[in-house]
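Colleague: Handing over input.txt, compact mmCIF, C-alpha atoms.
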# COMPACT_ATOMS: atom_id res chain seq x y z
CA MET A 325 -8.10 13.42 24.07
CA ARG A 326 -6.34 15.33 21.30
CA PHE A 327 -5.82 12.08 19.39
CA LEU A 328 -9.55 11.34 19.59
CA LYS A 329 -10.30 14.89 18.44
CA PHE A 330 -7.99 14.36 15.49
CA VAL A 331 -9.64 11.05 14.53
CA ALA A 332 -13.09 12.65 14.83
CA GLY A 333 -11.81 15.56 12.72
CA LEU A 334 -10.58 13.17 10.04
CA ALA A 335 -13.91 11.32 9.99
CA ILE A 336 -15.85 14.59 9.69
CA ALA A 337 -13.44 15.79 6.98
CA ALA A 338 -14.00 12.55 5.03
CA LEU A 339 -17.79 12.89 5.37
CA LEU A 340 -17.76 16.53 4.25
CA HIS A 341 -15.35 15.67 1.43
CA PHE A 342 -17.73 13.01 0.06
CA ALA A 343 -20.78 15.20 0.49
CA GLY A 344 -19.00 18.16 -1.14
CA ALA A 345 -17.73 16.07 -4.05
CA ARG A 346 -21.28 14.77 -4.59
CA LEU A 347 -22.80 18.27 -4.62
CA ILE A 348 -20.03 20.26 -6.37
CA PRO A 349 -18.02 18.56 -9.14
CA ASN A 350 -14.89 20.70 -8.55
CA PHE A 351 -15.03 20.43 -4.78
CA SER A 352 -11.80 18.43 -4.37
CA GLN A 353 -10.01 20.93 -6.61
CA ALA A 354 -11.14 23.84 -4.46
CA VAL A 355 -10.91 22.46 -0.92
CA ASP A 356 -8.66 19.95 0.82
CA LEU A 357 -10.34 19.18 4.12
CA PHE A 358 -7.77 16.51 5.01
CA LEU A 359 -5.03 19.14 4.81
CA LEU A 360 -7.09 21.47 6.95
CA VAL A 361 -7.31 18.82 9.70
CA VAL A 362 -3.54 18.36 9.49
CA ALA A 363 -2.91 22.11 9.72
CA LEU A 364 -5.26 22.49 12.69
CA GLU A 365 -3.52 19.63 14.50
CA ALA A 366 0.01 20.80 13.62
CA ARG A 367 -0.60 24.39 14.69
CA HIS A 368 -0.43 23.26 18.33
CA GLY A 369 3.35 23.05 17.86
CA SER A 370 4.17 19.36 18.20
CA PRO A 371 6.21 18.22 15.16
CA MET A 372 5.63 14.57 16.10
CA ALA A 373 1.85 14.99 16.18
CA GLY A 374 1.99 17.17 13.05
CA MET A 375 3.88 14.68 10.93
CA PHE A 376 1.83 11.65 12.02
CA ALA A 377 -1.38 13.61 11.48
CA GLY A 378 -0.09 14.46 8.01
CA LEU A 379 0.84 10.85 7.34
CA ALA A 380 -2.57 9.49 8.39
CA ALA A 381 -4.62 12.14 6.58
CA GLY A 382 -2.39 11.95 3.50
CA LEU A 383 -2.65 8.19 3.17
CA LEU A 384 -6.43 8.40 3.52
CA ALA A 385 -6.52 11.01 0.76
CA ASP A 386 -4.27 8.75 -1.33
CA GLY A 387 -6.79 5.94 -0.92
CA LEU A 388 -9.33 8.07 -2.77
CA SER A 389 -7.16 9.65 -5.44
CA GLY A 390 -6.25 8.01 -8.72
CA GLY A 391 -2.54 8.83 -8.49
CA PRO A 392 0.36 6.79 -7.11
CA PHE A 393 -0.27 5.78 -3.50
CA GLY A 394 1.84 7.88 -1.12
CA LEU A 395 1.70 11.17 -3.04
CA TYR A 396 -0.57 12.93 -0.53
CA GLY A 397 1.00 10.96 2.34
CA PHE A 398 4.43 12.45 1.60
CA ALA A 399 3.12 15.98 0.99
CA ASN A 400 0.91 16.10 4.09
CA THR A 401 3.63 14.61 6.33
CA ALA A 402 6.00 17.36 5.22
CA VAL A 403 3.34 20.07 5.62
CA GLY A 404 2.27 18.80 9.07
CA PHE A 405 5.87 18.80 10.27
CA GLY A 406 6.54 22.21 8.70
CA ILE A 407 3.51 23.90 10.27
CA ALA A 408 4.31 22.40 13.68
CA ARG A 409 7.93 23.63 13.46
CA ALA A 410 6.71 27.07 12.42
CA ALA A 411 4.26 27.11 15.33
CA GLN A 412 7.13 26.23 17.70
CA GLN A 413 9.29 29.09 16.44
CA LEU A 414 6.64 31.78 16.00
CA VAL A 415 3.79 32.93 18.16
CA VAL A 416 1.09 33.62 15.63
CA GLN A 417 -2.01 35.24 17.08
CA ARG A 418 -3.01 37.86 14.54
CA THR A 419 -5.64 36.83 12.01
CA THR A 420 -3.41 37.63 9.04
CA GLY A 421 -0.55 35.61 10.49
CA LEU A 422 -2.78 32.62 11.12
CA ALA A 423 -4.25 32.85 7.63
CA GLY A 424 -0.69 33.03 6.31
CA VAL A 425 0.25 29.79 8.07
CA PHE A 426 -2.75 27.91 6.61
CA ALA A 427 -2.19 29.41 3.14
CA ALA A 428 1.52 28.60 3.21
CA GLY A 429 0.71 25.02 4.22
CA ALA A 430 -1.70 24.62 1.30
CA ALA A 431 0.74 26.20 -1.17
CA ALA A 432 3.58 23.99 0.07
CA GLN A 433 1.39 20.89 -0.26
CA GLN A 434 0.50 21.79 -3.86
CA ALA A 435 4.16 22.44 -4.71
CA ILE A 436 5.24 19.08 -3.23
CA LEU A 437 2.39 17.25 -4.96
CA ALA A 438 3.27 18.79 -8.32
CA THR A 439 6.96 17.91 -7.92
CA LEU A 440 6.18 14.32 -6.90
CA ALA A 441 3.63 13.93 -9.69
CA LEU A 442 6.23 15.09 -12.22
CA VAL A 443 8.70 12.51 -10.90
CA PHE A 444 6.42 9.52 -10.32
CA ARG A 445 3.63 9.89 -12.84
CA ASP A 446 3.59 9.70 -16.64
CA HIS A 447 2.24 12.77 -18.46
CA ALA A 448 2.04 14.76 -15.27
CA GLU A 449 1.45 18.50 -15.43
CA LEU A 450 1.48 21.49 -13.16
CA PRO A 451 -1.79 22.24 -11.37
CA ASP A 452 -4.07 24.93 -12.75
CA PRO A 453 -2.88 28.21 -11.12
CA LEU A 454 -6.44 29.44 -10.65
CA TRP A 455 -7.53 26.32 -8.75
CA LEU A 456 -4.26 26.43 -6.81
CA LEU A 457 -5.09 29.96 -5.64
CA VAL A 458 -8.65 28.93 -4.82
CA LYS A 459 -7.39 25.99 -2.74
CA VAL A 460 -4.87 28.14 -0.88
CA GLY A 461 -7.57 30.75 -0.23
CA THR A 462 -10.22 28.30 0.95
CA THR A 463 -7.74 26.53 3.25
CA ALA A 464 -6.79 29.87 4.84
CA LEU A 465 -10.42 30.98 5.19
CA LEU A 466 -11.72 27.68 6.56
CA GLY A 467 -8.75 27.43 8.94
CA LEU A 468 -9.43 30.93 10.24
CA ALA A 469 -13.16 30.30 10.53
CA TRP A 470 -12.61 27.07 12.45
CA THR A 471 -10.03 28.66 14.78
CA ALA A 472 -12.27 31.66 15.44
CA ALA A 473 -15.29 29.44 16.15
CA ALA A 474 -13.26 27.17 18.46
CA ASN A 475 -11.83 30.18 20.35
CA GLN A 476 -15.27 31.70 20.72
CA LEU A 477 -16.70 28.44 22.03
CA THR A 478 -13.85 27.98 24.52
CA HIS A 479 -14.28 31.58 25.71
CA ARG A 480 -18.02 31.16 26.21
CA LEU A 481 -17.54 27.86 28.04
CA ARG A 482 -15.02 29.47 30.40
CA PHE A 483 -17.33 32.43 30.99
CA TRP A 484 -20.28 30.15 31.69
CA ARG A 485 -18.24 28.08 34.14
CA ALA A 486 -17.05 31.18 35.98
CA HIS A 487 -20.44 32.90 36.15
CA ARG A 488 -23.00 30.14 36.36
CA ALA A 489 -25.81 31.11 38.74
CA THR A 490 -26.40 27.87 40.59
CA LYS A 491 -23.38 26.32 42.18
CA ILE A 492 -23.43 22.82 43.54
CA GLN A 493 -23.46 22.89 47.33
CA PHE A 494 -22.02 19.87 49.10
CA PRO A 495 -23.35 19.21 52.62
CA GLY A 496 -20.99 19.92 55.51
CA MET J 1129 11.05 12.99 22.37
CA ASN J 1130 14.47 14.51 21.63
CA PRO J 1131 14.11 17.06 18.74
CA SER J 1132 16.94 15.47 16.77
CA ARG J 1133 15.19 12.09 17.01
CA VAL J 1134 11.95 13.65 15.82
CA ARG J 1135 13.80 15.10 12.83
CA LEU J 1136 15.35 11.70 12.16
CA LEU J 1137 11.93 10.03 12.34
CA PHE J 1138 10.55 12.69 10.00
CA ALA J 1139 13.32 12.03 7.48
CA ALA J 1140 12.75 8.28 7.77
CA LEU J 1141 9.01 8.70 7.15
CA LEU J 1142 9.65 10.78 4.05
CA VAL J 1143 12.26 8.38 2.68
CA GLY J 1144 9.94 5.42 3.41
CA GLN J 1145 7.15 7.06 1.46
CA LEU J 1146 9.49 7.85 -1.42
CA PHE J 1147 10.35 4.14 -1.54
CA LEU J 1148 6.63 3.32 -1.45
CA LEU J 1149 6.07 5.63 -4.42
CA ALA J 1150 9.04 4.29 -6.35
CA ALA J 1151 8.07 0.67 -5.65
CA GLN J 1152 4.77 1.19 -7.47
CA GLU J 1153 6.62 1.15 -10.80
CA PRO J 1154 6.22 -1.20 -12.58
CA ASP J 1155 2.53 -1.71 -11.94
CA ARG J 1156 1.39 -4.40 -9.52
CA GLY J 1157 -1.22 -5.76 -11.92
CA GLY J 1158 -4.10 -3.79 -10.46
CA ALA J 1159 -4.20 -5.22 -6.94
CA ALA J 1160 -4.05 -2.42 -4.39
CA SER J 1161 -1.23 -2.52 -1.81
CA LEU J 1162 -2.07 -3.37 1.81
CA LEU J 1163 -2.17 0.28 2.88
CA GLU J 1164 -3.97 1.49 -0.21
CA GLY J 1165 -6.46 -1.35 0.09
CA ALA J 1166 -7.07 -0.52 3.75
CA ALA J 1167 -7.66 3.16 2.92
CA LEU J 1168 -10.00 2.29 0.06
CA ARG J 1169 -11.90 -0.30 2.11
CA SER J 1170 -12.30 2.00 5.10
CA LEU J 1171 -13.35 5.08 3.13
CA GLY J 1172 -15.35 3.24 0.45
CA PRO J 1173 -18.32 2.36 2.71
CA LEU J 1174 -18.35 5.92 4.08
CA ALA J 1175 -18.41 7.35 0.56
CA ARG J 1176 -21.17 4.91 -0.34
CA ALA J 1177 -23.22 5.87 2.70
CA VAL J 1178 -22.91 9.60 1.90
CA ASP J 1179 -23.77 8.89 -1.72
CA ALA J 1180 -26.80 6.80 -0.79
CA SER J 1181 -28.11 9.39 1.67
CA SER J 1182 -27.67 12.22 -0.84
CA HIS J 1183 -29.58 10.13 -3.40
CA ALA J 1184 -32.31 9.34 -0.87
CA LEU J 1185 -32.64 13.02 0.06
CA ALA J 1186 -32.75 14.10 -3.56
CA SER J 1187 -35.33 11.49 -4.51
CA ALA J 1188 -37.47 12.26 -1.43
CA ARG J 1189 -37.44 15.95 -2.32
CA GLN J 1190 -38.21 15.18 -5.93
CA GLY J 1191 -40.93 12.73 -4.90
CA LEU J 1192 -42.67 15.35 -2.80
CA ARG J 1193 -42.44 17.92 -5.55
CA ARG J 1194 -43.58 15.64 -8.32
CA ARG J 1195 -46.16 13.49 -6.56
CA GLY J 1196 -48.86 14.53 -9.03
CA GLU J 1197 -46.76 13.75 -12.07
CA LEU J 1198 -45.64 10.34 -10.84
CA ALA J 1199 -48.85 8.49 -11.64
CA THR J 1200 -48.81 9.77 -15.23
CA GLU J 1201 -45.12 8.98 -15.57
CA ASN J 1202 -45.70 5.51 -14.17
CA ARG J 1203 -48.37 4.81 -16.77
CA ALA J 1204 -46.09 6.05 -19.54
CA LEU J 1205 -43.22 3.90 -18.25
CA ARG J 1206 -45.44 0.81 -18.15
CA GLN J 1207 -46.34 1.44 -21.78
CA GLU J 1208 -42.65 1.83 -22.59
CA VAL J 1209 -41.79 -1.43 -20.81
CA LEU J 1210 -44.44 -3.26 -22.84
CA GLU J 1211 -43.08 -1.73 -26.05
CA LEU J 1212 -39.49 -2.68 -25.09
CA ARG J 1213 -40.55 -6.25 -24.29
CA ARG J 1214 -42.19 -6.48 -27.69
CA ARG J 1215 -39.00 -5.17 -29.31
CA GLU J 1216 -36.88 -7.58 -27.27
CA LEU J 1217 -38.91 -10.48 -28.59
CA ARG J 1218 -38.40 -9.22 -32.13
CA MET J 1219 -34.66 -8.78 -31.48
CA ALA J 1220 -34.40 -12.31 -30.09
CA GLY J 1221 -35.98 -13.56 -33.31
CA LEU J 1222 -33.54 -11.51 -35.39
CA GLU J 1223 -30.61 -12.74 -33.30
CA GLN J 1224 -31.65 -16.35 -33.92
CA GLU J 1225 -31.96 -15.61 -37.60
CA ILE J 1226 -28.48 -14.03 -37.71
CA ALA J 1227 -27.02 -16.94 -35.75
CA GLY J 1228 -28.57 -19.36 -38.24
CA LEU J 1229 -27.26 -17.41 -41.23
CA SER J 1230 -23.81 -17.06 -39.65
CA LYS J 1231 -23.73 -20.81 -39.09
CA THR J 1232 -24.63 -21.38 -42.69
CA LEU J 1233 -21.83 -19.05 -43.78
CA ALA J 1234 -19.43 -20.53 -41.19
CA PHE J 1235 -18.89 -17.00 -39.89
CA SER J 1236 -17.56 -16.91 -36.35
CA ARG J 1237 -18.72 -13.85 -34.40
CA ARG J 1238 -17.36 -12.59 -31.11
CA HIS J 1239 -19.89 -13.19 -28.33
CA ALA J 1240 -22.02 -10.24 -27.37
CA ALA J 1241 -20.54 -8.30 -24.46
CA ALA J 1242 -21.96 -8.71 -20.98
CA PHE J 1243 -22.26 -5.71 -18.68
CA ARG J 1244 -22.34 -5.34 -14.93
CA ILE J 1245 -23.65 -2.26 -13.24
CA ALA J 1246 -21.44 -0.47 -10.70
CA GLU J 1247 -22.15 2.50 -8.46
CA VAL J 1248 -19.98 5.65 -8.53
CA VAL J 1249 -19.32 6.47 -4.88
CA HIS J 1250 -16.62 9.11 -5.24
CA ALA J 1251 -15.23 11.31 -8.00
CA ASP J 1252 -11.82 12.96 -7.85
CA TYR J 1253 -11.30 15.86 -10.23
CA SER J 1254 -8.04 17.26 -8.84
CA SER J 1255 -6.16 19.03 -11.59
CA TRP J 1256 -3.78 16.21 -12.45
CA LEU J 1257 -5.78 13.21 -11.29
CA ARG J 1258 -9.17 12.26 -12.60
CA SER J 1259 -10.64 9.12 -11.17
CA PHE J 1260 -13.76 7.48 -9.77
CA VAL J 1261 -14.17 5.08 -6.88
CA LEU J 1262 -16.77 2.45 -7.75
CA TYR J 1263 -18.70 0.01 -5.60
CA VAL J 1264 -18.71 -3.10 -7.75
CA GLY J 1265 -20.44 -5.48 -5.34
CA ALA J 1266 -19.77 -9.16 -4.86
CA GLY J 1267 -18.07 -10.04 -8.17
CA ALA J 1268 -14.70 -8.29 -8.12
CA ALA J 1269 -13.55 -6.11 -10.96
CA HIS J 1270 -10.17 -6.58 -12.60
CA ARG J 1271 -7.47 -4.29 -13.94
CA ASN J 1272 -8.03 -2.80 -17.40
CA GLN J 1273 -11.71 -3.66 -17.32
CA ALA J 1274 -13.51 -1.20 -19.58
CA VAL J 1275 -15.98 1.15 -17.90
CA LEU J 1276 -18.86 2.58 -19.94
CA SER J 1277 -21.97 4.65 -19.46
CA ASP J 1278 -25.03 4.85 -21.67
CA GLU J 1279 -23.46 7.95 -23.27
CA GLY J 1280 -20.13 6.34 -24.15
CA LEU J 1281 -16.69 5.41 -22.87
CA VAL J 1282 -15.78 6.37 -19.29
CA GLY J 1283 -12.35 4.79 -18.68
CA ARG J 1284 -10.77 1.66 -17.25
CA VAL J 1285 -10.24 0.02 -13.88
CA ILE J 1286 -6.77 0.68 -12.47
CA ARG J 1287 -6.98 -0.61 -8.88
CA VAL J 1288 -9.20 -3.11 -7.12
CA SER J 1289 -9.67 -3.62 -3.39
CA GLY J 1290 -12.50 -5.94 -2.32
CA ALA J 1291 -15.82 -4.57 -3.47
CA TYR J 1292 -14.28 -1.24 -4.50
CA ALA J 1293 -12.40 -0.29 -7.64
CA LYS J 1294 -10.64 2.85 -8.83
CA VAL J 1295 -11.28 3.95 -12.38
CA GLN J 1296 -8.97 6.14 -14.43
CA LEU J 1297 -11.19 8.45 -16.46
CA LEU J 1298 -10.52 8.91 -20.14
CA THR J 1299 -9.87 12.60 -19.47
CA ASP J 1300 -6.97 11.82 -17.10
CA ARG J 1301 -3.67 13.04 -18.55
CA ALA J 1302 -2.19 9.55 -18.35
CA ALA J 1303 -5.14 7.84 -20.08
CA SER J 1304 -5.38 6.97 -23.77
CA ALA J 1305 -7.41 4.73 -26.07
CA GLY J 1306 -7.23 3.48 -29.65
CA VAL J 1307 -10.00 5.14 -31.67
CA GLN J 1308 -11.27 5.66 -35.19
CA LEU J 1309 -13.17 8.45 -36.88
CA GLN J 1310 -16.65 7.28 -37.79
CA ARG J 1311 -16.77 8.72 -41.32
CA SER J 1312 -13.22 8.38 -42.63
CA ARG J 1313 -12.41 5.22 -40.57
CA ARG J 1314 -8.94 6.68 -39.82
CA GLN J 1315 -7.44 5.26 -36.67
CA GLY J 1316 -5.61 7.23 -33.99
CA VAL J 1317 -5.11 7.53 -30.27
CA VAL J 1318 -7.04 9.83 -27.91
CA ARG J 1319 -5.50 11.00 -24.67
CA GLY J 1320 -6.73 13.10 -21.80
CA SER J 1321 -5.86 16.73 -21.26
CA SER J 1322 -5.95 19.15 -18.36
CA ALA J 1323 -8.88 21.06 -19.84
CA GLY J 1324 -11.15 18.01 -19.64
CA GLU J 1325 -11.10 17.56 -23.40
CA LEU J 1326 -9.48 14.76 -25.38
CA LEU J 1327 -6.66 15.16 -27.90
CA LEU J 1328 -6.74 12.90 -30.95
CA ASP J 1329 -3.24 12.06 -32.22
CA PHE J 1330 -1.78 10.33 -35.28
CA ILE J 1331 -4.42 11.37 -37.83
CA PRO J 1332 -2.39 12.33 -40.93
CA LEU J 1333 -2.83 15.74 -42.56
CA GLN J 1334 -4.11 14.19 -45.80
CA ALA J 1335 -7.09 12.67 -43.95
CA GLU J 1336 -10.25 14.77 -44.15
CA VAL J 1337 -11.64 15.39 -40.69
CA GLU J 1338 -14.77 17.39 -40.08
CA VAL J 1339 -15.89 19.21 -36.96
CA GLY J 1340 -18.82 17.29 -35.52
CA GLU J 1341 -17.53 13.92 -36.69
CA ALA J 1342 -18.02 11.13 -34.15
CA VAL J 1343 -15.03 9.33 -32.64
CA LEU J 1344 -15.47 5.67 -31.69
CA THR J 1345 -13.20 3.11 -30.08
CA ALA J 1346 -11.26 1.12 -32.66
CA GLY J 1347 -10.86 -2.10 -30.64
CA ILE J 1348 -7.11 -2.13 -31.28
CA ASP J 1349 -5.76 -1.57 -27.78
CA GLY J 1350 -6.83 -4.81 -26.13
CA VAL J 1351 -8.82 -2.89 -23.51
CA TYR J 1352 -11.83 -1.30 -25.17
CA PRO J 1353 -14.04 -3.11 -27.67
CA ARG J 1354 -14.76 -1.57 -31.06
CA GLY J 1355 -17.60 0.88 -31.66
CA ILE J 1356 -18.07 2.61 -28.30
CA ARG J 1357 -18.75 6.31 -28.58
CA VAL J 1358 -15.79 8.36 -27.30
CA GLY J 1359 -16.77 11.87 -28.33
CA VAL J 1360 -17.17 14.40 -31.11
CA VAL J 1361 -14.49 16.38 -32.96
CA ILE J 1362 -14.76 20.04 -31.92
CA SER J 1363 -11.65 21.47 -33.58
CA VAL J 1364 -9.17 20.49 -36.28
CA GLU J 1365 -5.93 22.36 -36.81
CA PRO J 1366 -2.73 21.54 -38.65
CA GLY J 1367 -0.60 20.33 -35.74
CA ASN J 1368 2.81 19.64 -37.23
CA GLU J 1369 4.09 18.56 -40.65
CA VAL J 1370 2.58 15.11 -40.40
CA PHE J 1371 -0.51 15.00 -38.17
CA HIS J 1372 -3.61 17.06 -37.45
CA ARG J 1373 -4.15 18.57 -34.02
CA ILE J 1374 -7.67 17.40 -33.22
CA VAL J 1375 -9.63 18.21 -30.07
CA VAL J 1376 -12.48 15.90 -29.12
CA GLU J 1377 -15.28 16.67 -26.67
CA PRO J 1378 -16.00 13.56 -24.56
CA ALA J 1379 -19.38 11.94 -25.16
CA VAL J 1380 -19.81 11.40 -21.43
CA ASP J 1381 -20.60 14.12 -18.93
CA PHE J 1382 -18.45 12.71 -16.12
CA SER J 1383 -19.89 15.02 -13.48
CA ARG J 1384 -23.37 13.52 -13.79
CA LEU J 1385 -22.54 9.84 -13.54
CA SER J 1386 -24.09 7.87 -10.69
CA PHE J 1387 -23.90 4.42 -12.24
CA VAL J 1388 -21.58 2.94 -14.85
CA TYR J 1389 -21.23 -0.41 -16.60
CA LEU J 1390 -18.26 -2.73 -16.31
CA LEU J 1391 -17.62 -4.70 -19.45
CA GLU J 1392 -17.24 -8.37 -18.57
CA GLY J 1393 -14.97 -10.81 -20.35
CA GLU J 1394 -11.58 -10.39 -21.95
CA LEU J 1395 -11.31 -8.85 -25.39
CA VAL J 1396 -7.99 -10.51 -26.04
CA PRO J 1397 -6.97 -13.47 -23.85
CA SER J 1398 -4.48 -12.10 -21.33
CA ALA J 1399 -2.09 -14.97 -22.08
CA LEU J 1400 -1.64 -13.47 -25.54
CA LEU J 1401 -0.83 -10.02 -24.24
CA SER J 1402 2.33 -8.82 -22.60
CA GLU J 1403 2.12 -5.66 -20.45
CA GLY J 1404 3.47 -3.53 -23.28
CA ASP J 1405 0.77 -4.69 -25.70
CA HIS J 1406 -1.82 -2.39 -24.19
CA ALA J 1407 -2.09 0.94 -25.93
CA VAL J 1408 -3.46 2.29 -22.68
CA PRO J 1409 -0.76 3.00 -20.09
Write the structure described by the file as structure tokens, please.
Modeller:
Amino acid sequence: MRFLKFVAGLAIAALLHFAGARLIPNFSQAVDLFLLVVALEARHGSPMAGMFAGLAAGLLADGLSGGPFGLYGFANTAVGFGIARAAQQLVVQRTTGLAGVFAAGAAAQQAILATLALVFRDHAELPDPLWLLVKVGTTALLGLAWTAAANQLTHRLRFWRAHRATKIQFPG
Amino acid sequence: MNPSRVRLLFAALLVGQLFLLAAQEPDRGGAASLLEGAALRSLGPLARAVDASSHALASARQGLRRRGELATENRALRQEVLELRRRELRMAGLEQEIAGLSKTLAFSRRHAAAFRIAEVVHADYSSWLRSFVLYVGAGAAHRNQAVLSDEGLVGRVIRVSGAYAKVQLLTDRAASAGVQLQRSRRQGVVRGSSAGELLLDFIPLQAEVEVGEAVLTAGIDGVYPRGIRVGVVISVEPGNEVFHRIVVEPAVDFSRLSFVYLLEGELVPSALLSEGDHAVP
């Protein structure tokens, strides 16, 4: 079930990524939806799931980018694993802590990408600090928003199940 | 799974990907790897579908808003088509005349370039990567194929996978092209920069360069034909003891491109070129 959720998440992320890039020219500089899907998957605390989620999402992102193939794959694998390990060690429930995890993931991804680009690409350069901050901020905000919405929905569903007025009566 | 095995698997995945990255140098001649091709082929149609629906929505909205104006515009366009047909006939006559004169003078001209239209389905403007994904249709594109728009030079094809191709934009940091200044005819090399502008190198200090001067392709790099508009000089400063530091504003607004043209045919037969002969990396 979680695997299917992840695949659906990736497909939605790809759709939103294309739509965003079509509407806003700097969209891919400001938001990395593939990373967000990885972070949301990895935050459950399974390093195995985290790194494979990172690998899949990263290679998809590589398919769209003009850089060497494997750049995002490497970075997202490392970030997925890192977030999952962090989630295993720490119990993060406060909003600021959760935002910190998403932001740290985005910052780590940018740092790894910049390092790899410097090694594997001619005329590479460091990313624009302003856009880096924007990306870190949007990842944290979107991650928080998604988590809050998912929690709210789960809570309402549980409440509805517990308090629904008509219960099914089986004969006998 | 045992945590130490997970860590081992993690390390193996990272090392494998490092090998994948390292194995991409030297270039594979433009053909995408199996994984890259699969990613491009699976995401390409999705990007195309999103692109097509956004176009359909935009045109439907515009159609509703401008219904009254469309009839007038249609009439004007019909007039324009008639005028263009008339001009085309005149041009065909002139072309025949030139061909006849060239034959008389035994002057051999390069054949006129053929263009193929391609659809931009995705644009990537991350800070260090600037590229497009194109849907090129049935006839495949090939590496180093020049990509143009009606405003000027866009870039070149760097990867091909089925009906999809990746284009390195001229503003990418790793891109460059052989150019010449329109007025002084001085030749140099433009390269991309992080700010989205182009830097024109190798123009000596003794050359007079004016702000506003047009920059055209020089046809010396084996990739781009001569005479395509690249941009306009927006600043000239003494760079070092030998060359100017010239900043060029690209002629093309990359953010507004929906369709581009692929230039068909080889400028220089590939058999005559070794990999290092291209000025463009």
Colleague: Would you list which chain J residues are within 9 Å of chain A using all atoms listed in the file, as a count of residues only?
Modeller: 57
Colleague: Rounded to one decimal, what separation in Å do you get between atom CA of A:Ala381 and atom CA of J:Thr1299?
Modeller: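 Taking atom CA of A:Ala381 as the start and atom CA of J:Thr1299 as the end point, the length is 26.6 Å.
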Colleague: Specify the axis-aligned box that encloses all atoms of stretch 383-395 of chain A listed in the file after padding of 3 Å on each side, stating its centre and edge lengths in Å to one decimal as lines of an AutoDock Vina configuration file.
Modeller:
center_x = -3.7
center_y = 8.5
center_z = -2.6
size_x = 17.2
size_y = 11.4
size_z = 18.2
Colleague: Between atom CA of J:Pro1378 and atom CA of J:Phe1330, what is the spacing in Å?
Modeller: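 According to the coordinates, atom CA of J:Phe1330 and atom CA of J:Pro1378 are separated by 18.1 Å.
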Colleague: One decimal, Å: what's the distance from atom CA of J:Gly1316 over to atom CA of J:Ala1242, could you say?
Modeller: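 The value is 26.3 Å.
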